[in-house]
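Structure, as structure tokens:
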Amino acid sequence: MGNVLVWAVWVGAAFACLGSGIAVISFTNPFYSALALIGNLGSLAVLYLLLSAEFVAAAQVLIYAGAVMVMFLFVIAYLGGRADAPWAGGPSWQTIGAVGAAGALLVEIIVAIGLKAGGSLSHADVSESFGSPAAIGRSFLTDHLLAFEITSIVLLIAAVGGVVLGSYARREHWGAAEPLAGDRPPVEGGV
Amino acid sequence: MKGPEVAWYLGVAAFLFTTGAVGVLIRRSPLIILLSLEIMLNGANLALIAMARHTGNLGGQIFALAVMAVAASEVVVGLGLIVAMARRHLDLDVDKLSTLRG
């Protein structure tokens, strides 16, 4: 009975995941795309829970669906809902080629999984604490300490890069920055 | 509480990855390209976590958390670039960003 319930939850989450993924790339309005991506991330968190990755599921909801998507929605609200219509004007050669290449990629991955795994990918017997915050924290601070520290450096560099990009855009907006080559002629004497 | 085999999760991950790849290839708005990149990263994350469950090793989940950190960094820089483009009154269309073309 429990197995049927797990299957039902899996089917619901998997189809929600795939459907919202297709919705993200089909909507013309980027605001709707971002909302569909939030649904995608939420259903992925359910799949993570089924794989006994509780901490990653919580981090997914907090970091992705919380912080990252709020930032996305702010930028989309700031820039306005402008985007191209993906399927407008009939299929172009670029669309056909992209869908064909992606379909070939999908078939290749599925065949590789089928050949290598052949349905023998069972769940390992793990303890109750597998994927709990305590286990993840212990693993991070013992076996994967270097990865943990490098991650913090990556985040620091990204924060500095975001500040630099933002301040450059602001100076450019005021017209006091040096203009880029090929953008527009330099203002004599500056401002 | 076993549920579907890990291979089913890998199938979902493969479909998510290709969905994101189609989005990156056919859309022209850099915002939607960033959203599609997130889908691709999440497909990879799902595969990592599924294989962590298969092997019973926490390394896959650690790797998935590192991928999340990299994705957050990528969004910060990407959105900064998009805002800088918008402030310089460039069209939000990646096909028109051809200044660096040789």
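Letters for chains follow the order of the structure tokens (A, B, ...), residue numbers begin at 1 for each chain, and ligand numbers begin at 1 in the order shown.
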Query raised in the report: range 1-100 of chain B: which residues are alpha helix (DSSP H) by DSSP, as a PyMOL selection string?
Result: chain B and resi 6-26+30-55+59-87
Return the neighbours of chain B among the residues of chain A, cut-off 7 Å, counting only C-alpha atoms, as a PDB file with N, CA and C atoms, in the first residue's frame.
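Contents of out_23.pdb, as written:
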```pdb
ATOM      1  N   GLY A   2       1.923   1.226   0.854  1.00  0.00           N
ATOM      2  CA  GLY A   2       2.840   2.365   0.873  1.00  0.00           C
ATOM      3  C   GLY A   2       3.540   2.546  -0.457  1.00  0.00           C
ATOM      4  N   ASN A   3       3.827   1.415  -1.113  1.00  0.00           N
ATOM      5  CA  ASN A   3       4.497   1.495  -2.404  1.00  0.00           C
ATOM      6  C   ASN A   3       3.626   2.193  -3.439  1.00  0.00           C
ATOM      7  N   VAL A   6       3.747   5.883  -2.879  1.00  0.00           N
ATOM      8  CA  VAL A   6       4.993   6.486  -3.363  1.00  0.00           C
ATOM      9  C   VAL A   6       4.956   6.636  -4.878  1.00  0.00           C
ATOM     10  N   TRP A   7       4.428   5.591  -5.556  1.00  0.00           N
ATOM     11  CA  TRP A   7       4.328   5.680  -7.010  1.00  0.00           C
ATOM     12  C   TRP A   7       3.416   6.838  -7.425  1.00  0.00           C
ATOM     13  N   ALA A  14       6.620  13.974 -11.066  1.00  0.00           N
ATOM     14  CA  ALA A  14       7.391  13.906 -12.310  1.00  0.00           C
ATOM     15  C   ALA A  14       6.660  14.626 -13.447  1.00  0.00           C
ATOM     16  N   LEU A  18       7.916  17.879 -15.551  1.00  0.00           N
ATOM     17  CA  LEU A  18       8.114  17.949 -16.995  1.00  0.00           C
ATOM     18  C   LEU A  18       7.201  19.001 -17.617  1.00  0.00           C
ATOM     19  N   GLY A  21       8.427  22.431 -16.861  1.00  0.00           N
ATOM     20  CA  GLY A  21       9.642  22.694 -17.637  1.00  0.00           C
ATOM     21  C   GLY A  21       9.324  23.119 -19.056  1.00  0.00           C
ATOM     22  N   ILE A  22       8.373  22.425 -19.678  1.00  0.00           N
ATOM     23  CA  ILE A  22       7.978  22.808 -21.039  1.00  0.00           C
ATOM     24  C   ILE A  22       7.300  24.171 -21.022  1.00  0.00           C
ATOM     25  N   ILE A  25       9.778  27.183 -21.181  1.00  0.00           N
ATOM     26  CA  ILE A  25      10.373  27.569 -22.460  1.00  0.00           C
ATOM     27  C   ILE A  25       9.312  27.942 -23.488  1.00  0.00           C
ATOM     28  N   PRO A  30       7.954  36.543 -19.817  1.00  0.00           N
ATOM     29  CA  PRO A  30       8.938  35.962 -18.900  1.00  0.00           C
ATOM     30  C   PRO A  30       8.449  35.845 -17.470  1.00  0.00           C
ATOM     31  N   LEU A  51      13.757  10.607  -2.807  1.00  0.00           N
ATOM     32  CA  LEU A  51      15.095  10.011  -2.857  1.00  0.00           C
ATOM     33  C   LEU A  51      15.820  10.164  -1.528  1.00  0.00           C
ATOM     34  N   VAL A  56      18.670  18.567   0.925  1.00  0.00           N
ATOM     35  CA  VAL A  56      18.762  19.192  -0.395  1.00  0.00           C
ATOM     36  C   VAL A  56      17.394  19.718  -0.820  1.00  0.00           C
ATOM     37  N   VAL A  68      16.630  32.893  -5.228  1.00  0.00           N
ATOM     38  CA  VAL A  68      17.002  33.105  -6.627  1.00  0.00           C
ATOM     39  C   VAL A  68      15.798  33.556  -7.453  1.00  0.00           C
ATOM     40  N   ALA A  83       9.555  39.678 -24.362  1.00  0.00           N
ATOM     41  CA  ALA A  83      10.314  38.507 -24.790  1.00  0.00           C
ATOM     42  C   ALA A  83       9.844  38.120 -26.181  1.00  0.00           C
ATOM     43  N   ASP A  84      10.608  37.249 -26.805  1.00  0.00           N
ATOM     44  CA  ASP A  84      10.244  36.780 -28.130  1.00  0.00           C
ATOM     45  C   ASP A  84       9.157  35.720 -27.993  1.00  0.00           C
ATOM     46  N   PRO A  86       8.164  32.165 -28.928  1.00  0.00           N
ATOM     47  CA  PRO A  86       9.006  31.063 -29.382  1.00  0.00           C
ATOM     48  C   PRO A  86       8.503  30.361 -30.634  1.00  0.00           C
ATOM     49  N   GLN A  94      16.005  26.968 -37.460  1.00  0.00           N
ATOM     50  CA  GLN A  94      16.702  26.947 -36.169  1.00  0.00           C
ATOM     51  C   GLN A  94      15.899  26.156 -35.134  1.00  0.00           C
ATOM     52  N   THR A  95      14.564  26.383 -35.113  1.00  0.00           N
ATOM     53  CA  THR A  95      13.726  25.655 -34.164  1.00  0.00           C
ATOM     54  C   THR A  95      13.764  24.164 -34.454  1.00  0.00           C
ATOM     55  N   ALA A  98      17.087  22.758 -33.428  1.00  0.00           N
ATOM     56  CA  ALA A  98      17.256  22.687 -31.972  1.00  0.00           C
ATOM     57  C   ALA A  98      16.467  21.527 -31.391  1.00  0.00           C
ATOM     58  N   VAL A  99      15.198  21.386 -31.832  1.00  0.00           N
ATOM     59  CA  VAL A  99      14.381  20.298 -31.289  1.00  0.00           C
ATOM     60  C   VAL A  99      14.950  18.944 -31.715  1.00  0.00           C
ATOM     61  N   ALA A 102      18.085  18.257 -29.624  1.00  0.00           N
ATOM     62  CA  ALA A 102      17.743  17.915 -28.245  1.00  0.00           C
ATOM     63  C   ALA A 102      17.101  16.537 -28.175  1.00  0.00           C
ATOM     64  N   LEU A 105      19.788  14.046 -28.319  1.00  0.00           N
ATOM     65  CA  LEU A 105      20.461  13.992 -27.021  1.00  0.00           C
ATOM     66  C   LEU A 105      19.667  13.158 -26.029  1.00  0.00           C
ATOM     67  N   LEU A 106      18.338  13.375 -26.024  1.00  0.00           N
ATOM     68  CA  LEU A 106      17.482  12.632 -25.092  1.00  0.00           C
ATOM     69  C   LEU A 106      17.549  11.137 -25.375  1.00  0.00           C
ATOM     70  N   ILE A 109      20.837   9.717 -24.179  1.00  0.00           N
ATOM     71  CA  ILE A 109      20.933   9.534 -22.721  1.00  0.00           C
ATOM     72  C   ILE A 109      20.104   8.334 -22.281  1.00  0.00           C
ATOM     73  N   ILE A 110      18.866   8.221 -22.852  1.00  0.00           N
ATOM     74  CA  ILE A 110      17.996   7.111 -22.447  1.00  0.00           C
ATOM     75  C   ILE A 110      18.634   5.776 -22.823  1.00  0.00           C
ATOM     76  N   GLY A 119      17.841  -1.567 -15.874  1.00  0.00           N
ATOM     77  CA  GLY A 119      16.837  -1.796 -14.849  1.00  0.00           C
ATOM     78  C   GLY A 119      17.383  -2.317 -13.538  1.00  0.00           C
ATOM     79  N   LEU A 121      19.087  -0.509 -11.391  1.00  0.00           N
ATOM     80  CA  LEU A 121      19.429   0.610 -10.507  1.00  0.00           C
ATOM     81  C   LEU A 121      18.483   0.599  -9.302  1.00  0.00           C
ATOM     82  N   SER A 122      18.761  -0.236  -8.351  1.00  0.00           N
ATOM     83  CA  SER A 122      17.889  -0.319  -7.188  1.00  0.00           C
ATOM     84  C   SER A 122      18.299   0.729  -6.163  1.00  0.00           C
ATOM     85  N   HIS A 123      17.447   0.900  -5.173  1.00  0.00           N
ATOM     86  CA  HIS A 123      17.773   1.791  -4.059  1.00  0.00           C
ATOM     87  C   HIS A 123      18.703   1.054  -3.112  1.00  0.00           C
ATOM     88  N   ALA A 124      19.772   1.703  -2.710  1.00  0.00           N
ATOM     89  CA  ALA A 124      20.661   1.083  -1.728  1.00  0.00           C
ATOM     90  C   ALA A 124      19.993   1.087  -0.358  1.00  0.00           C
ATOM     91  N   ASP A 125      20.435   0.162   0.471  1.00  0.00           N
ATOM     92  CA  ASP A 125      19.941   0.155   1.848  1.00  0.00           C
ATOM     93  C   ASP A 125      20.705   1.205   2.638  1.00  0.00           C
ATOM     94  N   VAL A 126      20.011   2.251   3.035  1.00  0.00           N
ATOM     95  CA  VAL A 126      20.688   3.330   3.746  1.00  0.00           C
ATOM     96  C   VAL A 126      20.032   3.482   5.116  1.00  0.00           C
ATOM     97  N   THR A 151      33.484  26.617  -2.462  1.00  0.00           N
ATOM     98  CA  THR A 151      32.146  27.137  -2.724  1.00  0.00           C
ATOM     99  C   THR A 151      31.980  28.538  -2.148  1.00  0.00           C
ATOM    100  N   LEU A 155      31.107  31.995  -4.214  1.00  0.00           N
ATOM    101  CA  LEU A 155      30.000  32.903  -3.891  1.00  0.00           C
ATOM    102  C   LEU A 155      30.516  34.319  -3.649  1.00  0.00           C
ATOM    103  N   ALA A 158      31.264  35.884  -6.957  1.00  0.00           N
ATOM    104  CA  ALA A 158      30.027  36.246  -7.654  1.00  0.00           C
ATOM    105  C   ALA A 158      29.420  37.506  -7.061  1.00  0.00           C
ATOM    106  N   GLY A 161      31.400  40.368  -8.311  1.00  0.00           N
ATOM    107  CA  GLY A 161      31.073  40.596  -9.723  1.00  0.00           C
ATOM    108  C   GLY A 161      29.731  41.283  -9.887  1.00  0.00           C
ATOM    109  N   GLY A 162      28.740  40.880  -9.091  1.00  0.00           N
ATOM    110  CA  GLY A 162      27.435  41.528  -9.173  1.00  0.00           C
ATOM    111  C   GLY A 162      27.515  43.003  -8.822  1.00  0.00           C
ATOM    112  N   LEU A 165      29.317  44.875 -11.700  1.00  0.00           N
ATOM    113  CA  LEU A 165      28.436  45.058 -12.858  1.00  0.00           C
ATOM    114  C   LEU A 165      27.379  46.114 -12.571  1.00  0.00           C
ATOM    115  N   GLY A 166      26.807  46.085 -11.377  1.00  0.00           N
ATOM    116  CA  GLY A 166      25.771  47.052 -11.031  1.00  0.00           C
ATOM    117  C   GLY A 166      26.298  48.467 -10.979  1.00  0.00           C
ATOM    118  N   ALA A 169      27.016  49.758 -14.491  1.00  0.00           N
ATOM    119  CA  ALA A 169      25.795  50.131 -15.212  1.00  0.00           C
ATOM    120  C   ALA A 169      25.281  51.478 -14.714  1.00  0.00           C
ATOM    121  N   HIS A 173      24.825  54.895 -16.808  1.00  0.00           N
ATOM    122  CA  HIS A 173      23.513  55.517 -16.903  1.00  0.00           C
ATOM    123  C   HIS A 173      23.612  57.018 -16.693  1.00  0.00           C
TER     124      HIS A 173
END
```
**Report entry** Residue nearest Gly131 in chain A - candidates B:Arg101, B:Leu37, B:Gly60, B:Ala47, atoms counted: only C-alpha atoms
**Finding:**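 With only C-alpha atoms as the atom set, the closest residue is B:Gly60.
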Query raised in the report: CA of Phe72 in chain A to CA of Val154 in chain A: how many Å, to one decimal?
Result: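 Separating CA of Phe72 in chain A from CA of Val154 in chain A is a distance of 20.0 Å.
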